[in-house]
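Chemist: Sharing input_38.txt, compact mmCIF, C-alpha atoms:
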```
# COMPACT_ATOMS: atom_id res chain seq x y z
CA MET A 1 -0.21 25.24 -0.08
CA GLY A 2 1.33 24.78 -3.51
CA LEU A 3 -0.32 23.08 -6.44
CA LYS A 4 1.83 19.98 -6.01
CA GLU A 5 0.80 19.57 -2.35
CA ARG A 6 -2.90 20.10 -3.13
CA PHE A 7 -2.95 17.35 -5.73
CA TRP A 8 -0.73 14.77 -4.02
CA TRP A 9 -3.46 12.14 -4.48
CA ILE A 10 -3.50 12.15 -8.30
CA PRO A 11 -2.98 8.48 -9.33
CA PHE A 12 -0.68 9.08 -12.30
CA GLY A 13 3.04 8.74 -12.78
CA SER A 14 5.48 6.08 -11.81
CA VAL A 15 6.68 4.95 -8.40
CA PRO A 16 8.77 1.96 -7.31
CA GLU A 17 6.89 -1.32 -7.61
CA ILE A 18 7.10 -4.84 -6.28
CA SER A 19 5.45 -7.77 -8.05
CA ALA A 20 2.99 -10.08 -6.35
CA VAL A 21 5.55 -12.89 -6.67
CA GLU A 22 8.26 -10.80 -4.98
CA LEU A 23 5.90 -9.70 -2.20
CA HIS A 24 4.78 -13.28 -1.60
CA HIS A 25 8.41 -14.39 -1.25
CA LEU A 26 9.18 -11.52 1.13
CA LEU A 27 6.18 -12.39 3.31
CA GLU A 28 7.47 -15.94 3.60
CA SER A 29 10.98 -14.77 4.53
CA HIS A 30 12.38 -13.04 7.58
CA ARG A 31 12.37 -9.69 5.78
CA THR A 32 8.63 -9.09 6.10
CA PRO A 33 7.65 -5.68 4.72
CA GLN A 34 5.12 -3.36 6.31
CA ILE A 35 1.91 -3.34 4.26
CA ILE A 36 -0.52 -0.44 4.04
CA ASP A 37 -3.76 -1.23 2.26
CA VAL A 38 -5.18 2.07 1.00
CA ARG A 39 -8.47 0.68 -0.31
CA THR A 40 -11.79 1.43 1.39
CA ARG A 41 -12.59 -0.40 4.62
CA MET A 42 -15.22 -2.50 2.80
CA GLU A 43 -12.67 -3.60 0.19
CA TRP A 44 -10.18 -4.42 2.96
CA LYS A 45 -12.75 -6.45 4.94
CA ASN A 46 -13.70 -8.40 1.82
CA ARG A 47 -10.20 -9.78 1.16
CA ARG A 48 -6.77 -8.62 2.24
CA ILE A 49 -3.19 -9.74 2.63
CA ARG A 50 -2.42 -11.06 6.12
CA GLY A 51 -0.73 -8.40 8.23
CA ALA A 52 -1.89 -5.47 6.11
CA VAL A 53 -3.00 -2.33 7.92
CA SER A 54 -6.12 -0.63 6.58
CA VAL A 55 -5.65 3.10 5.98
CA PRO A 56 -7.91 4.40 3.21
CA ILE A 57 -6.01 6.76 0.92
CA THR A 58 -8.19 9.69 2.02
CA GLU A 59 -7.02 9.17 5.62
CA LEU A 60 -3.35 8.44 4.99
CA PRO A 61 -1.96 11.99 5.30
CA GLU A 62 -3.50 12.44 8.75
CA ARG A 63 -2.80 8.94 10.04
CA LEU A 64 0.71 8.31 8.72
CA THR A 65 2.55 9.32 11.90
CA ASP A 66 0.10 7.35 14.08
CA LEU A 67 1.04 4.14 12.24
CA GLU A 68 4.52 4.22 13.81
CA LEU A 69 6.10 2.58 10.78
CA ASP A 70 9.78 1.65 10.84
CA LYS A 71 11.64 3.75 8.26
CA THR A 72 14.40 1.13 8.04
CA ARG A 73 11.99 -1.56 6.77
CA PRO A 74 10.31 -1.72 3.35
CA VAL A 75 6.73 -0.45 3.10
CA VAL A 76 4.36 -1.69 0.41
CA ALA A 77 1.21 0.27 -0.45
CA ILE A 78 -1.64 -1.79 -1.83
CA CYS A 79 -4.90 -0.93 -3.56
CA LEU A 80 -7.18 -2.77 -5.97
CA SER A 81 -5.46 -2.01 -9.28
CA ALA A 82 -2.33 0.05 -8.47
CA HIS A 83 -3.88 3.51 -8.83
CA ARG A 84 -4.56 4.69 -5.26
CA SER A 85 -1.24 3.21 -4.17
CA ILE A 86 0.72 5.60 -6.42
CA PRO A 87 -0.03 8.70 -4.32
CA ALA A 88 0.40 6.61 -1.16
CA VAL A 89 3.98 5.75 -2.19
CA ARG A 90 4.67 9.40 -3.02
CA LEU A 91 3.42 10.42 0.42
CA LEU A 92 5.55 7.74 2.10
CA GLN A 93 8.63 8.85 0.17
CA LYS A 94 8.02 12.46 1.16
CA ALA A 95 7.82 11.32 4.80
CA GLY A 96 11.27 9.70 4.54
CA PHE A 97 10.42 6.09 3.66
CA GLU A 98 13.12 5.35 1.10
CA ASN A 99 12.03 1.72 0.68
CA ALA A 100 8.40 2.48 -0.24
CA ALA A 101 6.81 0.71 -3.21
CA GLN A 102 3.41 -0.27 -4.53
CA LEU A 103 2.14 -3.73 -5.35
CA SER A 104 2.31 -3.89 -9.15
CA GLY A 105 -1.18 -4.54 -10.47
CA GLY A 106 -2.68 -4.20 -6.98
CA MET A 107 -4.75 -6.88 -5.28
CA LYS A 108 -5.97 -8.02 -8.68
CA SER A 109 -2.47 -9.32 -9.42
CA TRP A 110 -2.29 -11.00 -5.99
CA TRP A 111 -5.62 -12.78 -6.48
CA LYS A 112 -4.80 -13.76 -10.08
CA LEU A 113 -1.84 -15.78 -8.80
CA GLY A 114 -4.00 -17.43 -6.14
CA TYR A 115 -2.05 -16.10 -3.17
CA PRO A 116 -3.76 -16.27 0.24
CA ALA A 117 -6.14 -13.56 1.39
CA GLU A 118 -7.98 -13.11 4.67
CA LYS A 119 -11.63 -12.13 5.01
CA GLY A 120 -13.64 -10.42 7.70
```
Starting from the file, lay out its structure as structure tokens.
Modeler:
Amino acid sequence: MGLKERFWWIPFGSVPEISAVELHHLLESHRTPQIIDVRTRMEWKNRRIRGAVSVPITELPERLTDLELDKTRPVVAICLSAHRSIPAVRLLQKAGFENAAQLSGGMKSWWKLGYPAEKG
């Protein structure tokens, strides 16, 4: 395993992003993206975007194929502050998801704009 593969999870660098406003509009349209929430299960249970699938970043490499995501649809990775979602997007891109992006600013940006979040 090369150095790059061993440190895939490092949360630095740039990846495609989508703003909370853009994501909110997409969720209200017929072009609903697939959402992977890479926060911990406790964070996800506390408040999450409706329809998001919980896959903590530490589990994503092993569970990615089990998610049966559609490679023709956009995928948005979400974390608390747009750090854990960076390596998630890189992993998705490596797996062939050309339309992978992270939520810019993470859930903090979603909550700041007062967009809906589920609990429990």
Chemist: As a list in words, please: the residues near Ala95 (chain A) (cut-off 12 Å, only C-alpha atoms, same-chain neighbours under 3 positions excluded).
Modeler: Leu60, Pro61, Leu64, Thr65, Glu68, Leu69, Asp70, Lys71, Val75, Ala88, Val89, Arg90, Leu91, Leu92, Glu98, Asn99 and Ala100 of chain A
Chemist: Could you list, as a PyMOL selection string, every residue within 8 Å of region 49-57 of chain A, counting only C-alpha atoms and ignoring same-chain residues fewer than 3 positions away?
Modeler: chain A and resi 34-41+44+60-61+63+84-85+88+116-118
Chemist: Taking C-alpha atoms for each residue, export the selection above as a PDB file, in the coordinates of the input.
Modeler:
```pdb
ATOM      1  CA  GLN A  34       5.120  -3.360   6.310  1.00  0.00           C
ATOM      2  CA  ILE A  35       1.910  -3.340   4.260  1.00  0.00           C
ATOM      3  CA  ILE A  36      -0.520  -0.440   4.040  1.00  0.00           C
ATOM      4  CA  ASP A  37      -3.760  -1.230   2.260  1.00  0.00           C
ATOM      5  CA  VAL A  38      -5.180   2.070   1.000  1.00  0.00           C
ATOM      6  CA  ARG A  39      -8.470   0.680  -0.310  1.00  0.00           C
ATOM      7  CA  THR A  40     -11.790   1.430   1.390  1.00  0.00           C
ATOM      8  CA  ARG A  41     -12.590  -0.400   4.620  1.00  0.00           C
ATOM      9  CA  TRP A  44     -10.180  -4.420   2.960  1.00  0.00           C
ATOM     10  CA  LEU A  60      -3.350   8.440   4.990  1.00  0.00           C
ATOM     11  CA  PRO A  61      -1.960  11.990   5.300  1.00  0.00           C
ATOM     12  CA  ARG A  63      -2.800   8.940  10.040  1.00  0.00           C
ATOM     13  CA  ARG A  84      -4.560   4.690  -5.260  1.00  0.00           C
ATOM     14  CA  SER A  85      -1.240   3.210  -4.170  1.00  0.00           C
ATOM     15  CA  ALA A  88       0.400   6.610  -1.160  1.00  0.00           C
ATOM     16  CA  PRO A 116      -3.760 -16.270   0.240  1.00  0.00           C
ATOM     17  CA  ALA A 117      -6.140 -13.560   1.390  1.00  0.00           C
ATOM     18  CA  GLU A 118      -7.980 -13.110   4.670  1.00  0.00           C
TER      19      GLU A 118
END
```
Chemist: Near Glu17 (chain A), counting all atoms listed in the file, which residues have an atom at most 6 Å away, once you skip same-chain residues fewer than 4 positions from it, shown as a ChimeraX atom specification?
Modeler: /A:101-104
Chemist: Go through A:Ala77, A:Ile86, A:Ala20, A:Leu26 and flag the residue nearest Ser109 (chain A), using only C-alpha atoms for the distances.
Modeler: A:Ala20
Chemist: Nearest to Leu80 (chain A) among A:Glu43, A:Gly96, A:Leu67, A:Tyr115, with distances taken over all atoms listed in the file: which residue is it?
Modeler: A:Glu43
Chemist: How far is it from CA of Ile18 (chain A) to CA of Met42 (chain A), in Å with one decimal?
Modeler: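 These two atoms are separated by 24.2 Å.
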Chemist: Mind pulling up the distance from CA of Met107 (chain A) to CA of Val76 (chain A)?
Modeler: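 We find that CA of Val76 (chain A) and CA of Met107 (chain A) lie 11.9 Å from each other.
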Chemist: At what distance in Å, to one decimal, does CA of Lys108 (chain A) lie from CA of Glu22 (chain A)?
Modeler: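 Computing it gives 15.0 Å between the two atoms.
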Chemist: With a distance cut-off of 9 Å and only C-alpha atoms, select the neighbouring residues of Gly105 (chain A), excluding the residue or stretch itself and same-chain residues fewer than 6 positions from it, and output the selection as a list in words.
Modeler: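 Once the adjacent positions are removed, what remains is Ser19, Ala20, Cys79, Leu80, Ser81, Ala82 and His83 of chain A.
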Chemist: Using all atoms listed in the file, which residue out of A:Arg73, A:Ile78, A:Val15, A:Pro33 lies closest to Phe97 (chain A)?
Modeler: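 The answer is A:Arg73, which sits nearest to Phe97 (chain A).
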Chemist: Pull out region 79-120 of chain A, keep N, CA and C atoms, and write it as a PDB file, in the first residue's frame.
Modeler:
```pdb
ATOM      1  N   CYS A  79     -20.260  16.382   6.769  1.00  0.00           N
ATOM      2  CA  CYS A  79     -19.758  16.206   8.128  1.00  0.00           C
ATOM      3  C   CYS A  79     -20.119  17.472   8.910  1.00  0.00           C
ATOM      4  N   LEU A  80     -19.518  17.676  10.048  1.00  0.00           N
ATOM      5  CA  LEU A  80     -19.882  18.823  10.873  1.00  0.00           C
ATOM      6  C   LEU A  80     -19.371  20.142  10.286  1.00  0.00           C
ATOM      7  N   SER A  81     -18.088  20.161   9.885  1.00  0.00           N
ATOM      8  CA  SER A  81     -17.496  21.435   9.461  1.00  0.00           C
ATOM      9  C   SER A  81     -16.692  21.335   8.169  1.00  0.00           C
ATOM     10  N   ALA A  82     -16.979  20.343   7.345  1.00  0.00           N
ATOM     11  CA  ALA A  82     -16.330  20.157   6.033  1.00  0.00           C
ATOM     12  C   ALA A  82     -14.860  19.758   6.148  1.00  0.00           C
ATOM     13  N   HIS A  83     -14.543  18.901   7.103  1.00  0.00           N
ATOM     14  CA  HIS A  83     -13.193  18.339   7.195  1.00  0.00           C
ATOM     15  C   HIS A  83     -13.215  16.845   6.891  1.00  0.00           C
ATOM     16  N   ARG A  84     -14.059  16.097   7.569  1.00  0.00           N
ATOM     17  CA  ARG A  84     -14.140  14.648   7.318  1.00  0.00           C
ATOM     18  C   ARG A  84     -14.725  14.360   5.943  1.00  0.00           C
ATOM     19  N   SER A  85     -15.495  15.289   5.406  1.00  0.00           N
ATOM     20  CA  SER A  85     -16.103  15.070   4.097  1.00  0.00           C
ATOM     21  C   SER A  85     -15.093  15.191   2.955  1.00  0.00           C
ATOM     22  N   ILE A  86     -13.966  15.848   3.180  1.00  0.00           N
ATOM     23  CA  ILE A  86     -12.944  15.963   2.137  1.00  0.00           C
ATOM     24  C   ILE A  86     -12.424  14.585   1.736  1.00  0.00           C
ATOM     25  N   PRO A  87     -11.940  13.768   2.686  1.00  0.00           N
ATOM     26  CA  PRO A  87     -11.482  12.434   2.268  1.00  0.00           C
ATOM     27  C   PRO A  87     -12.626  11.557   1.758  1.00  0.00           C
ATOM     28  N   ALA A  88     -13.833  11.798   2.224  1.00  0.00           N
ATOM     29  CA  ALA A  88     -14.978  11.021   1.727  1.00  0.00           C
ATOM     30  C   ALA A  88     -15.181  11.296   0.238  1.00  0.00           C
ATOM     31  N   VAL A  89     -15.093  12.554  -0.162  1.00  0.00           N
ATOM     32  CA  VAL A  89     -15.255  12.907  -1.578  1.00  0.00           C
ATOM     33  C   VAL A  89     -14.125  12.296  -2.391  1.00  0.00           C
ATOM     34  N   ARG A  90     -12.900  12.350  -1.880  1.00  0.00           N
ATOM     35  CA  ARG A  90     -11.776  11.739  -2.595  1.00  0.00           C
ATOM     36  C   ARG A  90     -12.010  10.244  -2.810  1.00  0.00           C
ATOM     37  N   LEU A  91     -12.499   9.577  -1.782  1.00  0.00           N
ATOM     38  CA  LEU A  91     -12.777   8.141  -1.876  1.00  0.00           C
ATOM     39  C   LEU A  91     -13.882   7.872  -2.901  1.00  0.00           C
ATOM     40  N   LEU A  92     -14.922   8.683  -2.880  1.00  0.00           N
ATOM     41  CA  LEU A  92     -16.010   8.540  -3.853  1.00  0.00           C
ATOM     42  C   LEU A  92     -15.502   8.755  -5.286  1.00  0.00           C
ATOM     43  N   GLN A  93     -14.679   9.776  -5.474  1.00  0.00           N
ATOM     44  CA  GLN A  93     -14.133  10.034  -6.805  1.00  0.00           C
ATOM     45  C   GLN A  93     -13.293   8.855  -7.289  1.00  0.00           C
ATOM     46  N   LYS A  94     -12.484   8.321  -6.396  1.00  0.00           N
ATOM     47  CA  LYS A  94     -11.642   7.174  -6.743  1.00  0.00           C
ATOM     48  C   LYS A  94     -12.492   5.962  -7.133  1.00  0.00           C
ATOM     49  N   ALA A  95     -13.686   5.854  -6.538  1.00  0.00           N
ATOM     50  CA  ALA A  95     -14.599   4.742  -6.828  1.00  0.00           C
ATOM     51  C   ALA A  95     -15.449   4.995  -8.074  1.00  0.00           C
ATOM     52  N   GLY A  96     -15.228   6.122  -8.754  1.00  0.00           N
ATOM     53  CA  GLY A  96     -15.928   6.387 -10.004  1.00  0.00           C
ATOM     54  C   GLY A  96     -17.127   7.303  -9.918  1.00  0.00           C
ATOM     55  N   PHE A  97     -17.318   7.970  -8.795  1.00  0.00           N
ATOM     56  CA  PHE A  97     -18.429   8.918  -8.647  1.00  0.00           C
ATOM     57  C   PHE A  97     -17.942  10.295  -9.096  1.00  0.00           C
ATOM     58  N   GLU A  98     -18.202  10.607 -10.357  1.00  0.00           N
ATOM     59  CA  GLU A  98     -17.729  11.867 -10.928  1.00  0.00           C
ATOM     60  C   GLU A  98     -18.458  13.073 -10.356  1.00  0.00           C
ATOM     61  N   ASN A  99     -19.690  12.884  -9.904  1.00  0.00           N
ATOM     62  CA  ASN A  99     -20.493  13.988  -9.368  1.00  0.00           C
ATOM     63  C   ASN A  99     -20.502  13.977  -7.842  1.00  0.00           C
ATOM     64  N   ALA A 100     -19.335  13.752  -7.231  1.00  0.00           N
ATOM     65  CA  ALA A 100     -19.221  13.759  -5.774  1.00  0.00           C
ATOM     66  C   ALA A 100     -18.767  15.141  -5.311  1.00  0.00           C
ATOM     67  N   ALA A 101     -19.361  15.617  -4.224  1.00  0.00           N
ATOM     68  CA  ALA A 101     -19.008  16.920  -3.660  1.00  0.00           C
ATOM     69  C   ALA A 101     -19.252  16.884  -2.155  1.00  0.00           C
ATOM     70  N   GLN A 102     -18.706  17.866  -1.468  1.00  0.00           N
ATOM     71  CA  GLN A 102     -18.974  17.995  -0.039  1.00  0.00           C
ATOM     72  C   GLN A 102     -19.863  19.207   0.196  1.00  0.00           C
ATOM     73  N   LEU A 103     -20.576  19.178   1.315  1.00  0.00           N
ATOM     74  CA  LEU A 103     -21.363  20.330   1.719  1.00  0.00           C
ATOM     75  C   LEU A 103     -20.405  21.377   2.266  1.00  0.00           C
ATOM     76  N   SER A 104     -20.305  22.499   1.596  1.00  0.00           N
ATOM     77  CA  SER A 104     -19.415  23.582   2.004  1.00  0.00           C
ATOM     78  C   SER A 104     -19.805  24.055   3.410  1.00  0.00           C
ATOM     79  N   GLY A 105     -18.839  24.033   4.310  1.00  0.00           N
ATOM     80  CA  GLY A 105     -19.110  24.463   5.679  1.00  0.00           C
ATOM     81  C   GLY A 105     -19.765  23.406   6.539  1.00  0.00           C
ATOM     82  N   GLY A 106     -20.090  22.250   5.970  1.00  0.00           N
ATOM     83  CA  GLY A 106     -20.684  21.151   6.713  1.00  0.00           C
ATOM     84  C   GLY A 106     -22.058  21.473   7.289  1.00  0.00           C
ATOM     85  N   MET A 107     -22.461  20.673   8.257  1.00  0.00           N
ATOM     86  CA  MET A 107     -23.776  20.856   8.885  1.00  0.00           C
ATOM     87  C   MET A 107     -23.895  22.211   9.564  1.00  0.00           C
ATOM     88  N   LYS A 108     -22.774  22.761   9.986  1.00  0.00           N
ATOM     89  CA  LYS A 108     -22.822  24.086  10.609  1.00  0.00           C
ATOM     90  C   LYS A 108     -23.416  25.116   9.650  1.00  0.00           C
ATOM     91  N   SER A 109     -23.071  25.018   8.367  1.00  0.00           N
ATOM     92  CA  SER A 109     -23.624  25.965   7.392  1.00  0.00           C
ATOM     93  C   SER A 109     -25.105  25.696   7.155  1.00  0.00           C
ATOM     94  N   TRP A 110     -25.514  24.437   7.199  1.00  0.00           N
ATOM     95  CA  TRP A 110     -26.924  24.052   7.027  1.00  0.00           C
ATOM     96  C   TRP A 110     -27.760  24.624   8.164  1.00  0.00           C
ATOM     97  N   TRP A 111     -27.289  24.406   9.393  1.00  0.00           N
ATOM     98  CA  TRP A 111     -28.018  24.884  10.570  1.00  0.00           C
ATOM     99  C   TRP A 111     -28.055  26.415  10.623  1.00  0.00           C
ATOM    100  N   LYS A 112     -26.963  27.052  10.240  1.00  0.00           N
ATOM    101  CA  LYS A 112     -26.884  28.526  10.292  1.00  0.00           C
ATOM    102  C   LYS A 112     -27.990  29.157   9.441  1.00  0.00           C
ATOM    103  N   LEU A 113     -28.336  28.498   8.330  1.00  0.00           N
ATOM    104  CA  LEU A 113     -29.381  29.024   7.468  1.00  0.00           C
ATOM    105  C   LEU A 113     -30.774  28.569   7.896  1.00  0.00           C
ATOM    106  N   GLY A 114     -30.845  27.786   8.958  1.00  0.00           N
ATOM    107  CA  GLY A 114     -32.138  27.369   9.491  1.00  0.00           C
ATOM    108  C   GLY A 114     -32.857  26.295   8.676  1.00  0.00           C
ATOM    109  N   TYR A 115     -32.111  25.555   7.878  1.00  0.00           N
ATOM    110  CA  TYR A 115     -32.739  24.505   7.071  1.00  0.00           C
ATOM    111  C   TYR A 115     -33.144  23.330   7.972  1.00  0.00           C
ATOM    112  N   PRO A 116     -34.142  22.562   7.538  1.00  0.00           N
ATOM    113  CA  PRO A 116     -34.685  21.496   8.387  1.00  0.00           C
ATOM    114  C   PRO A 116     -33.690  20.373   8.657  1.00  0.00           C
ATOM    115  N   ALA A 117     -33.806  19.835   9.866  1.00  0.00           N
ATOM    116  CA  ALA A 117     -32.970  18.707  10.275  1.00  0.00           C
ATOM    117  C   ALA A 117     -33.810  17.762  11.123  1.00  0.00           C
ATOM    118  N   GLU A 118     -33.616  16.486  10.894  1.00  0.00           N
ATOM    119  CA  GLU A 118     -34.329  15.454  11.662  1.00  0.00           C
ATOM    120  C   GLU A 118     -33.519  15.085  12.892  1.00  0.00           C
ATOM    121  N   LYS A 119     -34.223  14.555  13.886  1.00  0.00           N
ATOM    122  CA  LYS A 119     -33.573  14.059  15.106  1.00  0.00           C
ATOM    123  C   LYS A 119     -33.979  12.613  15.335  1.00  0.00           C
ATOM    124  N   GLY A 120     -33.168  11.947  16.163  1.00  0.00           N
ATOM    125  CA  GLY A 120     -33.541  10.594  16.580  1.00  0.00           C
ATOM    126  C   GLY A 120     -33.000   9.492  15.731  1.00  0.00           C
TER     127      GLY A 120
END
```
